[in-house]
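Notes to accompany the following structure.
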There are 2 protein chains.
Amino acid sequence: MRELSAEPGIIVSDEGLEEDFLYVRLLEKIKGLIRNSTLKPGDKLLSIRSLSKEQGLSITTVYKAYSELEIMGLIEAKTKSGYYVRTNPRQLHTASKELKELTNTEAIGADEMSTEVYKNLGDENIIQLSLSAPAISLLPKAKLNKTMAEIVRKSNDGCIGYEGIQGNDLLRKEIARQSFNWGGSLTDKDIVTTQGCMEALIFCLLAVTNPGDAVAIETPGFFRIVNVLKNLGLKTVKIPTDPETGPDLNYLKTVLPEIKACLFTPSFNNPLGSCMPDTHKKQLVDMLAEHEIPLIEDDVFGECYFGETRPRTCRSYDKKGLVLLCSSVSKTLAPGYRVGWCIPGKFIKKIIEIKITHSLTSSGPTHATVGLFFNTGRLDLHLRNLRRKLSAQCMQYSRAITKYFPKDTQLSRPQGGCFLWIRLNNKIDSNELFQKAMEYKICIAPGNMLTADTDFSNYIRLGIGNPFTRDIEKSIETLGELIKKMIENS
Amino acid sequence: MRELSAEPGIIVSDEGLEEDFLYVRLLEKIKGLIRNSTLKPGDKLLSIRSLSKEQGLSITTVYKAYSELEIMGLIEAKTKSGYYVRTNPRQLHTASKELKELTNTEAIGADEMSTEVYKNLGDENIIQLSLSAPAISLLPKAKLNKTMAEIVRKSNDGCIGYEGIQGNDLLRKEIARQSFNWGGSLTDKDIVTTQGCMEALIFCLLAVTNPGDAVAIETPGFFRIVNVLKNLGLKTVKIPTDPETGPDLNYLKTVLPEIKACLFTPSFNNPLGSCMPDTHKKQLVDMLAEHEIPLIEDDVFGECYFGETRPRTCRSYDKKGLVLLCSSVSKTLAPGYRVGWCIPGKFIKKIIEIKITHSLTSSGPTHATVGLFFNTGRLDLHLRNLRRKLSAQCMQYSRAITKYFPKDTQLSRPQGGCFLWIRLNNKIDSNELFQKAMEYKICIAPGNMLTADTDFSNYIRLGIGNPFTRDIEKSIETLGELIKKMIENS
């Protein structure tokens, strides 16, 4: 495994960001070509010089991209011959087959572990690597503050009274406008606002299931959903999920008769970072439509893509109103605001009834603030900057892990989102690693907490939302040392 | 039925409020003496002159109080003899026996009705009489706005980031401080903040039950709870509830073996406005403690009392950590903020786990604003004013109903809260009345929507949160005319 720390541009300063952006774009492009088999195993790549000339990029940028792809195990350099697509990529690949054979033993204390991990939320003395959200420093704090002050000053009632049942009017209009970006075509009447994406997901589950029903979810997948399903008296059917292409649709097909709904995160599975290709999304929507099964689409990471374009949503392929899309601003604008929404297709009447029952209205001031912020047209520029930074940070964290973690570590190559999914040596119990890391005030998310009822005890999720500072690098180094010691002592 | 419209002080101006306050206090005192049987049926009351002298009140105030008590049917004037406690009070009394015999047929379309009633929330053209919250004009809008601006300006992250898991520190400290008012003795560590009282109630239900369990609730009682229980796969056991003394504890005793938890609103049942006497509260807590059954105490109206002192909470009698108290600022400060909390006793660990799963954190800016507002010490004065106004409004609405509604109308005499519960002629379908009233842009809450699965189709709830203006009086007059026409045409 090569060390990359001596390379220029790893600690990205603001000046380096433009170069880093071009670099990331090139990297994603080549990864895409390999993924969709335009470049096949054994194919020779253009030389560094030729590619640099063809793309109008510096030699350094192309060299960095090829080196990175080599580390990822996607390409290999052959002496005096050039770069070739590898036959056997070394990246993390949790085979569907392997997952299917896992016994579904309930991990002990996943709930307790969540409390342990999150109890220090907001504590500034902790290096917080357990979260899947961008750091506050990447978010437009000053502009949001100004917008909120304006809202409070100008609104008739200072947002003290109940807002309308479907939610803030301006916010819903703006979300409808944005829907063009991801293949939608909505009006404000199609949208119901909620307290964050999680409330939207819960409302959708309540709308399309009854206690005792079974719901298909991804494994690994968003861990809090497993607990929600349990709390609502719903059964789970786990669909093995590929780190590149998402849930296994062939497997899903076999369990269709058992399930009442699906709840997937098609664009950037948490923790894998995988994105279902458009063809899979369409196939999924068509397959479920045939059986009249609703799909709850968690699109909370949809805007955090590292590639060139916004992934389409499953909702955009929906012809029957069976896809219920849920999202929020928690990963893009203000995690602490708890501003989310759902676009529940033909279930909208039911969702409104559930909202009246469970929360009546959302929190007025934050929802109005996001509505007005969207309306000022500042969002696009902010999101472009945010994506560039997240993508660069993801790379920086990946390199640091490659450098400081043991050689048998495997890590995900996310296509978007705010986290890395890391497979450690089999001997590692990541709950134990969490405890040891907390002694150094480093907070990570252990695998079993995240997957709840399948054994991922040698996995961890590392949030990449914080800018890659020396402190972060040092904490990754510390984690690496802890892991090495644990292996030695086992 | 006497008409009171010619009496002074009915349309209360700001100058009249102090007098009205003394009047309400006197009224509540006498009601209390009758209720706790210090004054028994047939007892003679002090003459107006003597009472005026004894209490240092004007003759007018005492006369008004006696007249009101006469209208309520609590006392009667005997010619040339004076005032006596009535043998048979004419007030609304839903006999426990009667309720027990009601068949539990599910009212059709209670969910749809809620949507109908609440779909115009926030529409300023509607005279909103369906809500159980004070009007914005009774709330400290300017001070809250100022506080929020301060929060946004001064906080490190503008409340954009996630706050701590248990909720805003200052807010929890202030709630702990307030707990002395209602017989509690808490620290911030005992408290978990939530998005309004409803989220607190839902978290508590999730903490102490599993799908399929049965929960005892009041009938009539807070209607949205019935739907929540249904959504969570829980069964309901309805406890008949008296308009004066709350749930029937003897009846509750007989169903204890069937239930897993109780969810009651001991201080000001919604819609009845009844308050359990302290002895009943203690008896309830002791009875449940003996069987280790948790009590979820909805205390959202606890601060909206019309009497002289804050009613004690069941929580204050709890020795085993089995009472989970839930409340919010929705009825006292800012309905639209969605700021609530629960004090879950020994279930606190479980509640934190559920909060992590279902919402992670609350909305930062509003929670911080309420915390700081509490901290500035402005709350007590505001609450004193609010109670005085609500109590006076309740009286004004009651008089208008007595004046404009048919003579066979019965109405509750709430001891607190923001609503009147009104029994109309048997021929009235209150869903139909709702539709007819909406044609005049008057929004009321029909009985079946509020009670969900027991027949209260000739009842309505009328919110008394709006100041009693000419417009309000006219809309009550209109409602009265609509009811009279409906009876004639039936």
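Scheme for the structure tokens: letters A, B, ... for chains in order shown; per-chain residue numbers from 1; ligand numbers from 1 in order shown.
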Could you give me, as a Markdown table, every segment 270-357 of chain B residue with an atom at most 6 Å from segment 245-253 of chain B, plus its closest atom pair and distance in Å to one decimal, counting only C-alpha atoms, rows ordered by chain then number?
| residue | atom | partner | partner_atom | distance |
| --- | --- | --- | --- | --- |
| B:Ser274 | CA | B:Gly246 | CA | 5.7 |
| B:Cys275 | CA | B:Thr245 | CA | 5.7 |
| B:Met276 | CA | B:Thr245 | CA | 4.7 |
Prev. selection, N, CA and C atoms, output as an mmCIF file, in the first residue's frame:
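The resulting result.cif:
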data_model
loop_
_atom_site.group_PDB
_atom_site.id
_atom_site.type_symbol
_atom_site.label_atom_id
_atom_site.label_comp_id
_atom_site.auth_asym_id
_atom_site.auth_seq_id
_atom_site.Cartn_x
_atom_site.Cartn_y
_atom_site.Cartn_z
ATOM 1 N N SER B 274 -62.210 19.391 32.953
ATOM 2 C CA SER B 274 -62.263 18.918 34.342
ATOM 3 C C SER B 274 -60.866 18.784 34.930
ATOM 4 N N CYS B 275 -60.778 18.893 36.257
ATOM 5 C CA CYS B 275 -59.493 18.740 36.940
ATOM 6 C C CYS B 275 -59.671 17.706 38.054
ATOM 7 N N MET B 276 -58.853 16.683 38.044
ATOM 8 C CA MET B 276 -58.949 15.691 39.116
ATOM 9 C C MET B 276 -58.588 16.361 40.445
#
Exercise. Quick one: DSSP strand (DSSP E or B) residues in segment 41-190 of chain B, as a ChimeraX atom specification?
Worked result: /B:44,75-78,82-85,127-128
Taking C-alpha atoms for each residue, export the selection above as a PDB file, in the first residue's frame.
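out-v2.pdb, written as the output of this step:
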ATOM      1  CA  LYS B  44     -77.751  28.997  52.624  1.00  0.00           C
ATOM      2  CA  ILE B  75     -77.157  27.938  43.407  1.00  0.00           C
ATOM      3  CA  GLU B  76     -80.704  29.305  43.377  1.00  0.00           C
ATOM      4  CA  ALA B  77     -82.330  32.501  44.672  1.00  0.00           C
ATOM      5  CA  LYS B  78     -85.388  32.028  46.896  1.00  0.00           C
ATOM      6  CA  GLY B  82     -81.533  34.687  49.795  1.00  0.00           C
ATOM      7  CA  TYR B  83     -79.269  32.283  47.874  1.00  0.00           C
ATOM      8  CA  TYR B  84     -79.044  28.514  48.474  1.00  0.00           C
ATOM      9  CA  VAL B  85     -76.920  25.696  47.073  1.00  0.00           C
ATOM     10  CA  ILE B 127     -63.027  32.619  12.588  1.00  0.00           C
ATOM     11  CA  GLN B 128     -61.105  29.833  14.255  1.00  0.00           C
TER      12      GLN B 128
END
Between chain B and chain A, at 6 Å or less, what are the per-residue closest atom pairs and their distances in Å? Count only C-alpha atoms, order by chain and rising residue number, and return it as a tab-separated table.
residue	atom	partner	partner_atom	distance
B:Thr115	CA	A:Glu353	CA	5.9
B:Lys119	CA	A:Ile165	CA	5.9
B:Leu121	CA	A:Gly164	CA	5.0
B:Gly122	CA	A:Gly164	CA	5.2
B:Asn145	CA	A:Val152	CA	5.9
B:Ala149	CA	A:Ala149	CA	5.7
B:Val152	CA	A:Asn145	CA	5.9
B:Ile160	CA	A:Ala334	CA	4.8
B:Gly161	CA	A:Gly336	CA	4.4
B:Tyr162	CA	A:Gly336	CA	4.2
B:Glu163	CA	A:Gly122	CA	5.4
B:Gly164	CA	A:Leu121	CA	5.0
B:Ile165	CA	A:Lys119	CA	5.9
B:Pro211	CA	A:Gly233	CA	5.5
B:Arg224	CA	A:Thr357	CA	5.1
B:Leu232	CA	A:Leu232	CA	5.6
B:Gly233	CA	A:Pro211	CA	5.5
B:Ala334	CA	A:Ile160	CA	4.8
B:Pro335	CA	A:Gly161	CA	5.4
B:Gly336	CA	A:Tyr162	CA	4.2
B:Tyr337	CA	A:Ser363	CA	4.8
B:Arg338	CA	A:Ser363	CA	5.3
B:Glu353	CA	A:Thr115	CA	5.9
B:Thr357	CA	A:Arg224	CA	5.1
B:Ser363	CA	A:Tyr337	CA	4.8
B:Gly364	CA	A:Gly336	CA	5.4
Problem set entry | Computed interatomic separation between atom CA of Arg172 of chain B and atom CA of Leu383 of chain B (Å) | 18.8 Å
Problem set entry | Separation of atom CA of Leu39 of chain A from atom CA of Tyr63 of chain A in Å |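 Distance between the two atoms: 18.4 Å.
When atom CA of Tyr23 of chain B is paired with atom CA of Thr61 of chain B, their separation reads 5.6 Å.
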Exercise. So which residues touch segment 443-447 of chain B within 6 Å, counting only C-alpha atoms, skipping near sequence neighbours fewer than 4 positions away, as an MDAnalysis selection string?
Worked result: chainID B and resid 128:130 430:431 438 456:457 459:461
Kindly save the residues from that selection, with C-alpha atoms included, as a compact mmCIF listing (two decimals), in the first residue's frame.
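Printed below is part31.txt as written:
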# COMPACT_ATOMS: atom_id res chain seq x y z
CA GLN B 128 -61.11 29.83 14.26
CA LEU B 129 -63.09 28.35 17.13
CA SER B 130 -61.83 24.78 16.69
CA SER B 430 -72.33 18.28 14.70
CA ASN B 431 -70.46 17.21 11.54
CA MET B 438 -67.87 26.82 7.44
CA PHE B 456 -70.71 12.34 20.68
CA SER B 457 -72.36 13.45 17.45
CA TYR B 459 -71.49 17.69 20.95
CA ILE B 460 -69.09 20.41 19.85
CA ARG B 461 -65.91 21.85 21.35
Exercise. Leaving out segment 466-480 of chain A and any residue of its chain fewer than 5 positions from it, which residues lie within 9 Å of it when counting only C-alpha atoms, given as a ChimeraX atom specification?
Worked result: /A:10-12,127-129,133-138,389-390,393-394,396-397,400-401,403-406,433,436-437,440-442,485
Problem set entry | Residues near segment 385-388 of chain B, cut-off 8 Å, only C-alpha atoms, skip fewer than 5 positions along chain, as a list in words | Leu17, Phe21, Leu138, Leu139, Glu303, Cys304, Tyr305, Phe306 and Thr332 of chain B
Can you write out the residues you just picked, keeping C-alpha atoms, as a PDB file, in the first residue's frame?
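Just written: result.pdb:
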ATOM      1  CA  LEU B  17     -59.707  43.072  33.746  1.00  0.00           C
ATOM      2  CA  PHE B  21     -60.064  38.810  37.955  1.00  0.00           C
ATOM      3  CA  LEU B 138     -52.501  36.883  24.172  1.00  0.00           C
ATOM      4  CA  LEU B 139     -48.899  35.731  23.734  1.00  0.00           C
ATOM      5  CA  GLU B 303     -50.584  26.287  33.689  1.00  0.00           C
ATOM      6  CA  CYS B 304     -53.970  27.363  32.259  1.00  0.00           C
ATOM      7  CA  TYR B 305     -55.900  27.128  35.538  1.00  0.00           C
ATOM      8  CA  PHE B 306     -58.806  29.445  36.339  1.00  0.00           C
ATOM      9  CA  THR B 332     -48.921  29.219  27.070  1.00  0.00           C
TER      10      THR B 332
END
For this session: Would you list the contacts of Leu171 of chain A as a ChimeraX atom specification, taking every protein, DNA or RNA residue within 9 Å and counting only C-alpha atoms, but skipping same-chain residues closer than 5 positions in sequence?
Result: /A:176,188,193,367-375
For this session: Could you pull out the residues in segment 52-264 of chain A that DSSP calls alpha helix (DSSP H) from the backbone, as a VMD selection string?
Result: chain A and resid 52 to 55 59 to 72 96 to 101 110 to 118 141 to 154 169 to 178 196 to 208 223 to 231 249 to 255
Problem set entry | Residue contacts of Pro257 of chain B (12 Å, only C-alpha atoms) excluding same-chain residues fewer than 5 positions away, as a PyMOL selection string | chain B and resi 213-216+237+252+288+290-293
